[in-house]
file my_file15.txt (compact mmCIF, C-alpha atoms)
# COMPACT_ATOMS: atom_id res chain seq x y z
CA MET G 132 2.10 -41.61 -1.73
CA LEU G 133 -1.13 -42.77 -0.05
CA LYS G 134 0.79 -43.76 3.09
CA ASN G 135 2.41 -40.33 3.29
CA SER G 136 -0.93 -38.59 2.82
CA PHE G 137 -2.53 -40.70 5.54
CA PHE G 138 0.35 -39.92 7.91
CA CYS G 139 0.04 -36.17 7.28
CA LEU G 140 -3.72 -36.26 7.86
CA SER G 141 -3.19 -38.16 11.10
CA LEU G 142 -0.78 -35.51 12.35
CA LEU G 143 -3.21 -32.78 11.33
CA PHE G 144 -6.14 -34.29 13.26
CA ALA G 145 -3.93 -35.05 16.24
CA GLY G 146 -2.76 -31.44 16.31
CA CYS G 147 -6.31 -30.14 16.14
CA GLN G 148 -7.44 -32.37 18.99
CA SER G 149 -4.50 -31.58 21.26
CA GLY G 150 -5.26 -27.85 21.40
CA ASN G 151 -8.96 -27.94 22.18
CA LYS G 152 -8.63 -27.28 25.92
CA PRO G 153 -7.07 -24.03 27.19
CA HIS G 154 -4.13 -24.29 29.59
CA ASP G 155 -3.53 -28.00 28.81
CA ASN G 156 0.06 -27.13 27.85
CA PRO G 157 1.59 -24.64 30.32
CA ASP G 158 4.75 -24.38 28.21
CA ALA G 159 2.89 -23.27 25.06
CA LEU G 160 3.81 -19.90 23.62
CA LEU G 161 0.14 -18.84 23.45
CA GLN G 162 -2.75 -19.77 25.70
CA LEU G 163 -6.45 -19.40 24.99
CA ARG G 164 -8.38 -17.26 27.46
CA ASN G 165 -12.17 -17.55 27.54
CA PRO G 166 -14.57 -14.60 27.95
CA ALA G 167 -15.41 -15.62 31.51
CA GLU G 168 -11.77 -14.99 32.46
CA THR G 169 -11.07 -11.84 30.45
CA GLY G 170 -14.45 -10.13 30.45
CA ILE G 171 -14.24 -9.67 26.66
CA ALA G 172 -17.36 -11.07 25.03
CA PHE G 173 -17.29 -9.04 21.81
CA SER G 174 -18.44 -10.66 18.59
CA ASN G 175 -18.71 -8.95 15.20
CA GLU G 176 -22.05 -10.53 14.37
CA LEU G 177 -23.34 -10.28 10.80
CA ARG G 178 -27.02 -10.82 10.00
CA GLU G 179 -27.50 -11.85 6.39
CA ASP G 180 -30.90 -11.64 4.70
CA GLU G 181 -32.36 -11.28 1.20
CA ALA G 182 -31.78 -7.54 1.09
CA LEU G 183 -28.25 -7.46 2.52
CA ASN G 184 -25.81 -10.25 1.71
CA ILE G 185 -22.58 -11.01 -0.16
CA LEU G 186 -24.34 -10.50 -3.52
CA THR G 187 -25.95 -7.14 -2.78
CA PHE G 188 -22.90 -5.85 -0.86
CA GLU G 189 -19.59 -7.25 -2.09
CA TYR G 190 -17.69 -6.33 1.09
CA PHE G 191 -20.12 -7.98 3.48
CA TYR G 192 -17.46 -10.29 4.93
CA ASN G 193 -14.48 -7.92 4.87
CA GLY G 194 -14.56 -7.71 8.66
CA ALA G 195 -13.88 -4.82 11.02
CA GLY G 196 -10.93 -3.29 12.83
CA VAL G 197 -9.23 -3.56 16.22
CA GLY G 198 -7.28 -0.84 18.00
CA ILE G 199 -4.97 -1.32 21.00
CA GLY G 200 -3.65 1.54 23.10
CA ASP G 201 -3.59 3.01 26.59
CA VAL G 202 -6.56 5.40 26.46
CA ASN G 203 -6.73 6.09 30.22
CA ASN G 204 -2.97 6.45 30.90
CA ASP G 205 -2.70 3.66 33.46
CA SER G 206 0.19 2.00 31.56
CA LEU G 207 -2.06 -0.92 30.50
CA PRO G 208 -3.08 -1.42 26.84
CA ASP G 209 -6.83 -1.14 26.27
CA ILE G 210 -8.76 -2.61 23.33
CA PHE G 211 -11.32 -1.13 20.95
CA PHE G 212 -13.33 -3.47 18.72
CA ALA G 213 -15.13 -2.04 15.68
CA ALA G 214 -18.39 -3.67 14.64
CA ASN G 215 -20.13 -3.81 11.27
CA MET G 216 -23.75 -4.32 12.32
CA THR G 217 -23.68 -4.01 16.12
CA GLN G 218 -22.28 -1.60 18.69
CA SER G 219 -18.49 -1.22 18.74
CA ARG G 220 -16.89 -1.87 22.13
CA LEU G 221 -14.17 -0.27 24.26
CA TYR G 222 -12.56 -2.52 26.88
CA LEU G 223 -10.33 -1.05 29.59
CA ASN G 224 -7.47 -3.19 30.81
CA ARG G 225 -7.64 -3.74 34.59
CA GLY G 226 -4.54 -5.94 34.70
CA ASN G 227 -3.97 -9.70 34.89
CA PHE G 228 -5.90 -10.21 31.64
CA GLN G 229 -9.04 -8.67 33.15
CA PHE G 230 -10.98 -6.17 31.03
CA GLU G 231 -13.97 -3.93 31.71
CA ASP G 232 -16.51 -2.89 29.08
CA ALA G 233 -16.46 0.92 29.23
CA THR G 234 -18.43 1.57 26.03
CA GLY G 235 -21.49 3.04 27.73
CA GLN G 236 -19.66 5.67 29.74
CA SER G 237 -17.21 6.50 26.93
CA GLY G 238 -19.80 8.24 24.76
CA ILE G 239 -18.72 6.28 21.68
CA ASN G 240 -21.71 5.16 19.63
CA THR G 241 -21.50 3.34 16.28
CA GLN G 242 -24.94 1.74 16.32
CA GLY G 243 -26.51 1.75 12.87
CA LYS G 244 -23.17 2.38 11.13
CA TRP G 245 -20.77 -0.06 9.44
CA ALA G 246 -17.48 0.50 11.30
CA THR G 247 -14.27 -0.67 9.63
CA GLY G 248 -10.79 0.56 10.57
CA VAL G 249 -9.63 1.82 13.98
CA SER G 250 -6.71 4.18 14.57
CA MET G 251 -5.46 5.42 17.95
CA VAL G 252 -3.41 8.62 17.91
CA ASP G 253 -2.86 11.61 20.17
CA ILE G 254 -3.89 14.12 17.53
CA ASN G 255 -3.94 17.22 19.77
CA SER G 256 -0.77 16.34 21.74
CA ASP G 257 -2.50 16.56 25.11
CA GLY G 258 -1.09 13.23 26.34
CA TRP G 259 -4.32 11.26 25.80
CA LEU G 260 -4.92 8.82 22.95
CA ASP G 261 -7.82 9.69 20.65
CA ILE G 262 -9.75 7.21 18.49
CA TYR G 263 -10.42 7.67 14.76
CA LEU G 264 -13.07 5.36 13.33
CA CYS G 265 -13.65 4.61 9.65
CA PHE G 266 -17.09 3.78 8.30
CA ALA G 267 -18.33 2.27 5.06
CA GLY G 268 -21.14 -0.12 4.23
CA PRO G 269 -24.36 -0.06 2.21
CA HIS G 270 -25.59 3.16 3.83
CA GLU G 271 -26.27 6.76 2.93
CA GLU G 272 -23.51 9.36 3.31
CA THR G 273 -24.69 10.47 6.74
CA GLN G 274 -24.13 6.95 8.05
CA ARG G 275 -20.73 6.64 6.38
CA ALA G 276 -19.17 9.74 7.94
CA ASN G 277 -15.95 8.90 9.77
CA ALA G 278 -15.71 9.83 13.46
CA PHE G 279 -12.81 11.26 15.44
CA TYR G 280 -13.44 10.63 19.14
CA ILE G 281 -11.25 13.05 21.07
CA ASN G 282 -10.24 11.86 24.54
CA ASN G 283 -11.55 14.18 27.27
CA GLY G 284 -9.21 12.67 29.85
CA ASP G 285 -12.05 11.57 32.14
CA GLY G 286 -13.07 8.31 30.47
CA THR G 287 -15.30 10.03 27.91
CA PHE G 288 -14.82 10.90 24.25
CA THR G 289 -16.33 13.55 21.96
CA ASP G 290 -16.65 13.19 18.19
CA LYS G 291 -15.02 16.23 16.56
CA ALA G 292 -14.55 14.88 13.05
CA PRO G 293 -16.99 17.35 11.41
CA GLU G 294 -15.29 20.46 12.81
CA MET G 295 -11.85 19.04 11.98
CA GLY G 296 -12.82 18.31 8.39
CA LEU G 297 -12.31 14.55 8.80
CA ALA G 298 -15.90 13.29 8.65
CA ASP G 299 -15.07 11.67 5.32
CA THR G 300 -17.89 9.70 3.67
CA GLY G 301 -15.84 7.90 1.00
CA HIS G 302 -16.26 4.29 2.16
CA SER G 303 -13.11 4.37 4.29
CA THR G 304 -11.27 1.17 5.21
CA GLN G 305 -8.37 2.40 7.36
CA ALA G 306 -6.60 5.61 8.35
CA ALA G 307 -2.84 6.08 8.76
CA PHE G 308 -1.52 9.17 10.58
CA PHE G 309 1.92 10.58 9.72
CA ASP G 310 3.59 13.91 9.00
CA TYR G 311 3.33 13.91 5.21
CA ASP G 312 4.48 17.48 4.58
CA ARG G 313 7.01 17.59 7.43
CA ASP G 314 5.50 20.63 9.11
CA GLY G 315 5.34 19.06 12.59
CA ASP G 316 1.63 18.22 12.39
CA LEU G 317 0.13 14.79 11.86
CA ASP G 318 -1.63 14.32 8.52
CA VAL G 319 -3.82 11.35 7.65
CA TYR G 320 -4.04 9.03 4.65
CA LEU G 321 -7.44 7.40 4.17
CA LEU G 322 -7.61 4.10 2.35
CA THR G 323 -10.99 3.93 0.64
CA ASN G 324 -12.95 1.21 -1.05
CA ILE G 325 -15.74 1.39 -3.63
CA THR G 326 -16.82 5.01 -4.14
CA GLY G 327 -19.40 4.58 -6.88
CA ARG G 328 -23.12 4.17 -6.41
CA THR G 329 -23.23 0.86 -8.28
CA GLY G 330 -21.49 -2.19 -6.82
CA PRO G 331 -19.62 -4.66 -9.03
CA ASN G 332 -22.21 -7.37 -8.34
CA VAL G 333 -25.10 -5.24 -9.60
CA ILE G 334 -26.17 -5.92 -13.20
CA ARG G 335 -25.39 -2.96 -15.44
CA PRO G 336 -26.91 -2.06 -18.83
CA LYS G 337 -25.10 -3.67 -21.76
CA MET G 338 -22.58 -1.40 -23.49
CA LEU G 339 -23.06 -1.42 -27.26
CA ARG G 340 -21.11 1.61 -28.49
CA GLY G 341 -17.56 0.82 -27.36
CA GLU G 342 -17.78 2.89 -24.18
CA HIS G 343 -15.79 2.02 -21.03
CA PRO G 344 -17.15 1.68 -17.48
CA LEU G 345 -14.67 4.30 -16.25
CA HIS G 346 -16.22 6.84 -18.62
CA ARG G 347 -19.51 6.91 -16.74
CA PRO G 348 -20.43 10.28 -15.16
CA ALA G 349 -18.39 10.80 -12.04
CA LEU G 350 -19.86 11.71 -8.69
CA PRO G 351 -19.50 15.43 -7.88
CA GLU G 352 -16.96 14.87 -5.12
CA ARG G 353 -14.78 12.72 -7.41
CA ARG G 354 -14.90 14.83 -10.56
CA GLU G 355 -11.83 16.95 -9.84
CA ALA G 356 -9.80 13.98 -8.64
CA LEU G 357 -10.65 11.91 -11.72
CA ARG G 358 -9.83 14.82 -14.04
CA GLU G 359 -6.38 15.05 -12.44
CA CYS G 360 -5.81 11.31 -12.48
CA PHE G 361 -6.70 10.93 -16.15
CA ARG G 362 -4.98 14.04 -17.47
CA PRO G 363 -3.09 13.66 -20.79
CA GLY G 364 0.37 12.18 -20.57
CA ARG G 365 -0.39 9.31 -18.24
CA HIS G 366 -0.09 5.74 -19.50
CA PRO G 367 -3.31 5.04 -21.44
CA GLN G 368 -3.52 1.40 -20.30
CA ARG G 369 -3.15 2.04 -16.58
CA ARG G 370 -6.13 2.54 -14.33
CA LEU G 371 -5.71 5.21 -11.67
CA ARG G 372 -7.62 5.10 -8.41
CA PRO G 373 -8.07 8.26 -6.35
CA ARG G 374 -7.22 8.05 -2.66
CA ARG G 375 -7.75 10.68 0.01
CA LEU G 376 -4.99 12.51 1.81
CA HIS G 377 -5.82 15.07 4.49
CA LEU G 378 -3.17 17.63 5.39
CA ARG G 379 -3.47 19.28 8.76
CA SER G 380 -3.48 23.07 8.59
CA GLN G 381 -4.50 24.69 11.87
CA PRO G 382 -7.26 24.84 12.78
CA ARG G 383 -8.75 22.77 9.94
CA TRP G 384 -7.73 20.02 7.56
CA LEU G 385 -7.29 20.36 3.81
CA ALA G 386 -8.64 17.48 1.76
CA GLY G 387 -6.65 16.26 -1.22
CA HIS G 388 -6.15 13.09 -3.22
CA LEU G 389 -3.31 10.75 -4.04
CA CYS G 390 -3.57 9.04 -7.40
CA LEU G 391 -2.16 5.51 -7.22
CA GLN G 392 -1.45 3.70 -10.44
CA ARG G 393 -2.83 0.17 -10.73
CA LEU G 394 -2.72 -2.21 -13.64
CA PRO G 395 -6.13 -3.18 -15.03
CA PHE G 396 -8.12 -5.59 -12.83
CA GLN G 397 -5.82 -5.06 -9.81
call {"tool": "encode", "arguments": {"input": "my_file15.txt", "output": "structure tokens"}}
result
Amino acid sequence: MLKNSFFCLSLLFAGCQSGNKPHDNPDALLQLRNPAETGIAFSNELREDEALNILTFEYFYNGAGVGIGDVNNDSLPDIFFAANMTQSRLYLNRGNFQFEDATGQSGINTQGKWATGVSMVDINSDGWLDIYLCFAGPHEETQRANAFYINNGDGTFTDKAPEMGLADTGHSTQAAFFDYDRDGDLDVYLLTNITGRTGPNVIRPKMLRGEHPLHRPALPERREALRECFRPGRHPQRRLRPRRLHLRSQPRWLAGHLCLQRLPFQ
């Protein structure tokens, strides 16, 4: 048994050492490209301190999103990197694995906001990919509003989420666009995370009268959704989590909720 374990460890270390240098195996399926070659130097840097860390914000290390699509219609896939604590970046593909940082001229600004998911979709059917960004984080609602950067076709983007009714502030993780009601327009499903004001790592007052955490006063924007989710007739031992569904109805979007059933502690 010890001999077999030693042999496996030897193979593991040998495998780790053999792949340290890029391009040392031209027949490899994947090859590592360094930032000096590609021009991509993005890093989702997190700065942890006493006020903001994994204990005060449970989703500190959940990461951010990446979107890939041809935003300038040159038949080359471009890359958008979302950032939690720094500026998100848009890289235009110039061919031959060469990319150019076009963030400054694009008009996209996420500084001071905790960006999460990235979705690329041609929402207005003008032939140009638009970029929908989700935001969450330990911030006030104004800093959690999602952004919908509409492609102007000249290398710049304009955030039109507020006028479209999609500046959702519900701690969004990712957006999925699809025609939910089969009317020919794209709708969007927003996956959200914690929506309460108190995180699970924050100490709560002890409950002494048999009450349940779910019976705490709901936030105003959740009250109707929770009333629907917990209406009589549903299974009493199943916890229901509200999720947002936005249906497109020209020229605005109608906000609704999907109630997904989850077993306790899932």
call {"tool": "atom_distance", "arguments": {"input": "my_file15.txt", "atom1": "atom CA of G:Asp253", "atom2": "atom CA of G:Asp285"}}
result
15.1 Å
call {"tool": "closest_residue", "arguments": {"input": "my_file15.txt", "among": "G:Gly315, G:Gly258, G:Thr323, G:Ile239", "to": "G:Lys291", "atoms": "all atoms listed in the file"}}
result
G:Ile239
call {"tool": "residues_around", "arguments": {"input": "my_file15.txt", "residues": "G:Gly286", "least_positions_apart": "6", "cutoff": "10 Å", "atoms": "all atoms listed in the file", "output": "PyMOL selection string"}}
result
chain G and resi 202-203+223+233-234+236-238
call {"tool": "atom_distance", "arguments": {"input": "my_file15.txt", "atom1": "atom CA of G:Gly198", "atom2": "atom CA of G:Leu177"}}
result
20.0 Å
call {"tool": "atom_distance", "arguments": {"input": "my_file15.txt", "atom1": "atom CA of G:Asn204", "atom2": "atom CA of G:Leu297"}}
result
25.3 Å
call {"tool": "build_atoms", "arguments": {"input": "my_file15.txt", "residues": "stretch 232-257 of chain G", "atoms": "N, CA and C atoms", "output": "mmCIF file, in the frame of the given file"}}
result
data_model
loop_
_atom_site.group_PDB
_atom_site.id
_atom_site.type_symbol
_atom_site.label_atom_id
_atom_site.label_comp_id
_atom_site.auth_asym_id
_atom_site.auth_seq_id
_atom_site.Cartn_x
_atom_site.Cartn_y
_atom_site.Cartn_z
ATOM 1 N N ASP G 232 -15.819 -3.532 30.184
ATOM 2 C CA ASP G 232 -16.510 -2.890 29.080
ATOM 3 C C ASP G 232 -16.892 -1.468 29.491
ATOM 4 N N ALA G 233 -16.221 -0.479 28.889
ATOM 5 C CA ALA G 233 -16.460 0.920 29.230
ATOM 6 C C ALA G 233 -17.144 1.666 28.091
ATOM 7 N N THR G 234 -17.813 0.947 27.198
ATOM 8 C CA THR G 234 -18.430 1.570 26.030
ATOM 9 C C THR G 234 -19.497 2.576 26.423
ATOM 10 N N GLY G 235 -20.379 2.186 27.354
ATOM 11 C CA GLY G 235 -21.490 3.040 27.730
ATOM 12 C C GLY G 235 -21.064 4.394 28.257
ATOM 13 N N GLN G 236 -20.091 4.412 29.143
ATOM 14 C CA GLN G 236 -19.660 5.670 29.740
ATOM 15 C C GLN G 236 -18.728 6.456 28.837
ATOM 16 N N SER G 237 -18.180 5.818 27.794
ATOM 17 C CA SER G 237 -17.210 6.500 26.930
ATOM 18 C C SER G 237 -17.866 7.517 26.004
ATOM 19 N N GLY G 238 -19.137 7.340 25.698
ATOM 20 C CA GLY G 238 -19.800 8.240 24.760
ATOM 21 C C GLY G 238 -19.607 7.861 23.314
ATOM 22 N N ILE G 239 -18.940 6.742 23.054
ATOM 23 C CA ILE G 239 -18.720 6.280 21.680
ATOM 24 C C ILE G 239 -19.915 5.452 21.234
ATOM 25 N N ASN G 240 -20.516 5.847 20.123
ATOM 26 C CA ASN G 240 -21.710 5.160 19.630
ATOM 27 C C ASN G 240 -21.588 4.936 18.132
ATOM 28 N N THR G 241 -21.571 3.676 17.709
ATOM 29 C CA THR G 241 -21.500 3.340 16.280
ATOM 30 C C THR G 241 -22.722 2.545 15.844
ATOM 31 N N GLN G 242 -23.739 2.500 16.653
ATOM 32 C CA GLN G 242 -24.940 1.740 16.320
ATOM 33 C C GLN G 242 -25.561 2.267 15.036
ATOM 34 N N GLY G 243 -25.910 1.357 14.134
ATOM 35 C CA GLY G 243 -26.510 1.750 12.870
ATOM 36 C C GLY G 243 -25.516 2.148 11.803
ATOM 37 N N LYS G 244 -24.211 2.050 12.102
ATOM 38 C CA LYS G 244 -23.170 2.380 11.130
ATOM 39 C C LYS G 244 -22.255 1.170 10.959
ATOM 40 N N TRP G 245 -21.638 1.075 9.794
ATOM 41 C CA TRP G 245 -20.770 -0.060 9.440
ATOM 42 C C TRP G 245 -19.319 0.351 9.707
ATOM 43 N N ALA G 246 -18.840 0.104 10.929
ATOM 44 C CA ALA G 246 -17.480 0.500 11.300
ATOM 45 C C ALA G 246 -16.458 -0.441 10.668
ATOM 46 N N THR G 247 -15.339 0.125 10.256
ATOM 47 C CA THR G 247 -14.270 -0.670 9.630
ATOM 48 C C THR G 247 -12.958 -0.494 10.398
ATOM 49 N N GLY G 248 -12.102 0.413 9.953
ATOM 50 C CA GLY G 248 -10.790 0.560 10.570
ATOM 51 C C GLY G 248 -10.798 1.378 11.849
ATOM 52 N N VAL G 249 -9.813 1.106 12.712
ATOM 53 C CA VAL G 249 -9.630 1.820 13.980
ATOM 54 C C VAL G 249 -8.198 2.326 14.051
ATOM 55 N N SER G 250 -8.038 3.599 14.385
ATOM 56 C CA SER G 250 -6.710 4.180 14.570
ATOM 57 C C SER G 250 -6.678 4.929 15.897
ATOM 58 N N MET G 251 -5.647 4.695 16.699
ATOM 59 C CA MET G 251 -5.460 5.420 17.950
ATOM 60 C C MET G 251 -4.260 6.339 17.817
ATOM 61 N N VAL G 252 -4.473 7.632 18.074
ATOM 62 C CA VAL G 252 -3.410 8.620 17.910
ATOM 63 C C VAL G 252 -3.720 9.813 18.804
ATOM 64 N N ASP G 253 -2.686 10.405 19.372
ATOM 65 C CA ASP G 253 -2.860 11.610 20.170
ATOM 66 C C ASP G 253 -2.772 12.801 19.220
ATOM 67 N N ILE G 254 -3.899 13.145 18.607
ATOM 68 C CA ILE G 254 -3.890 14.120 17.530
ATOM 69 C C ILE G 254 -3.678 15.544 18.032
ATOM 70 N N ASN G 255 -4.089 15.855 19.255
ATOM 71 C CA ASN G 255 -3.940 17.220 19.770
ATOM 72 C C ASN G 255 -2.790 17.355 20.763
ATOM 73 N N SER G 256 -1.977 16.308 20.903
ATOM 74 C CA SER G 256 -0.770 16.340 21.740
ATOM 75 C C SER G 256 -1.061 16.752 23.181
ATOM 76 N N ASP G 257 -2.172 16.256 23.725
ATOM 77 C CA ASP G 257 -2.500 16.560 25.110
ATOM 78 C C ASP G 257 -2.150 15.413 26.053
#
